[in-house]
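Below is one structure, written out as structure tokens; the observations come after it.
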Amino acid sequence: VTILLVDEMDQLVTRSQSVLYNIFEWPMHRDSCLSVIGIANTIDLPERFLPRVLSRLGLQRVAFQPYSQQQIQCIIRSRLQSLEGCFGENLFDKQAIEYVARKVAAVSGDVRRALELCRRGAEMACDQNSKLKDSSSDDNTALAEKSQGEDGDVKVTIKHIDGAIKEMFGASHMKLLEALPELDKIVLGFLITELKKSGTIETTLENLVTRVKRTLKMIPEKEALK
């Protein structure tokens, strides 16, 4: 038996869903020894399939919970300890690891986001350490010692992680979205809802207007949108 593992399957959901149909059609062939396992970020992916695709599914669904704070901490420490000649405690403050794990677990539980924050925090610590080493003042020397571990390695602290978080969520496109007028934000919200419900990456103005009308009918107090 051959097992085909398709990761990020929700990215294959298009208007025609022809790629998904072909993938799930292969195991249906006579004398086929192929099994398909799909991985997606949304638990309702099968409900977004077209009937012709859904008819090809065996649909044995397994739901995985987001990573917990403790699990994210373990993954980060494992990654740090795998670095050649280095150990996690020499690179990151314990509180910094706990901080990033707590922040990510509270939002999404996406360990990739946690690792990205750690990477950016480490870059900030390295930049700070390089600048402090180039300085000859006593104050800067004292700060450099605080930013380093016992072996002289850069020490990543909560301050660096907090800076990475602010940078990640303070990106230019995020600031642009925050500066949009309220009506524009509402339209974008309806657009996101339509794309999620339809399972496609594009839509028409007609479908968007229909989605708005349907949603407004379910809202008892339309003044809430103002």
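So you can find residues: chains in the structure tokens are A, B, ... in the order shown, residues in each start at 1, and ligands are numbered from 1 in order.
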Identify, on the basis of only C-alpha atoms, every residue whose closest approach to A:Leu191 does not exceed 10 Å; exclude the query and any residue fewer than 4 positions from it along the same chain; express the result as a PyMOL selection string.
chain A and resi 185-187+195-197+202-205+207-209+211-212
Write out as a PDB file with N, CA, C and O atoms, in the first residue's frame each polymer residue whose atoms come within 6 Å of stretch 159-164 of chain A, counting only C-alpha atoms; drop sequence neighbours fewer than 2 positions from it.
ATOM      1  N   LEU A 117       9.063  33.932  16.299  1.00  0.00           N
ATOM      2  CA  LEU A 117       9.309  34.960  17.306  1.00  0.00           C
ATOM      3  C   LEU A 117      10.655  34.746  17.991  1.00  0.00           C
ATOM      4  O   LEU A 117      11.379  35.702  18.278  1.00  0.00           O
ATOM      5  N   ARG A 120      13.411  35.858  15.562  1.00  0.00           N
ATOM      6  CA  ARG A 120      13.529  37.319  15.488  1.00  0.00           C
ATOM      7  C   ARG A 120      14.076  37.894  16.792  1.00  0.00           C
ATOM      8  O   ARG A 120      14.873  38.839  16.775  1.00  0.00           O
ATOM      9  N   GLY A 121      13.671  37.320  17.923  1.00  0.00           N
ATOM     10  CA  GLY A 121      14.194  37.769  19.201  1.00  0.00           C
ATOM     11  C   GLY A 121      15.692  37.553  19.309  1.00  0.00           C
ATOM     12  O   GLY A 121      16.429  38.393  19.829  1.00  0.00           O
ATOM     13  N   THR A 157      16.218  37.717  26.030  1.00  0.00           N
ATOM     14  CA  THR A 157      15.388  38.004  27.191  1.00  0.00           C
ATOM     15  C   THR A 157      13.948  38.289  26.766  1.00  0.00           C
ATOM     16  O   THR A 157      13.629  38.338  25.568  1.00  0.00           O
ATOM     17  N   LYS A 166       5.926  42.868  19.009  1.00  0.00           N
ATOM     18  CA  LYS A 166       5.445  44.178  18.554  1.00  0.00           C
ATOM     19  C   LYS A 166       5.775  44.400  17.082  1.00  0.00           C
ATOM     20  O   LYS A 166       5.006  45.008  16.343  1.00  0.00           O
ATOM     21  N   GLU A 167       6.939  43.913  16.662  1.00  0.00           N
ATOM     22  CA  GLU A 167       7.336  44.065  15.265  1.00  0.00           C
ATOM     23  C   GLU A 167       6.449  43.234  14.347  1.00  0.00           C
ATOM     24  O   GLU A 167       6.043  43.677  13.287  1.00  0.00           O
TER      25      GLU A 167
END
Give me, as JSON, numbers by chain, all polymer residues having an atom no more than 10 Å from A:Ile75, counting only C-alpha atoms and skipping those fewer than 3 positions away in the same chain.
{"A": [67, 70, 71, 72, 78, 79, 80, 81, 101, 111, 114, 115]}
Pick out the residues sitting within 7 Å of A:Ala40, and hand them over as a list of chain:residue names; count only C-alpha atoms, and ignore anything fewer than 3 positions along from it in its own chain.
A:Asp7, A:Glu8, A:Met9, A:Asp10
To test your reading of the structure, identify every residue in chain A that backbone DSSP assigns to helix (DSSP H, G or I), and report it as a ChimeraX atom specification.
/A:9-12,18-28,45-48,51-54,69-81,88-91,94-107,111-134,138-146,158-169,172-178,182-198,205-217,222-225
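Non-sequential neighbours of A:Ile37 (distance at most 8 Å, separation of 3 or more positions within a chain, only C-alpha atoms) are Ile3, Leu4, Leu5 and Val6 of chain A.
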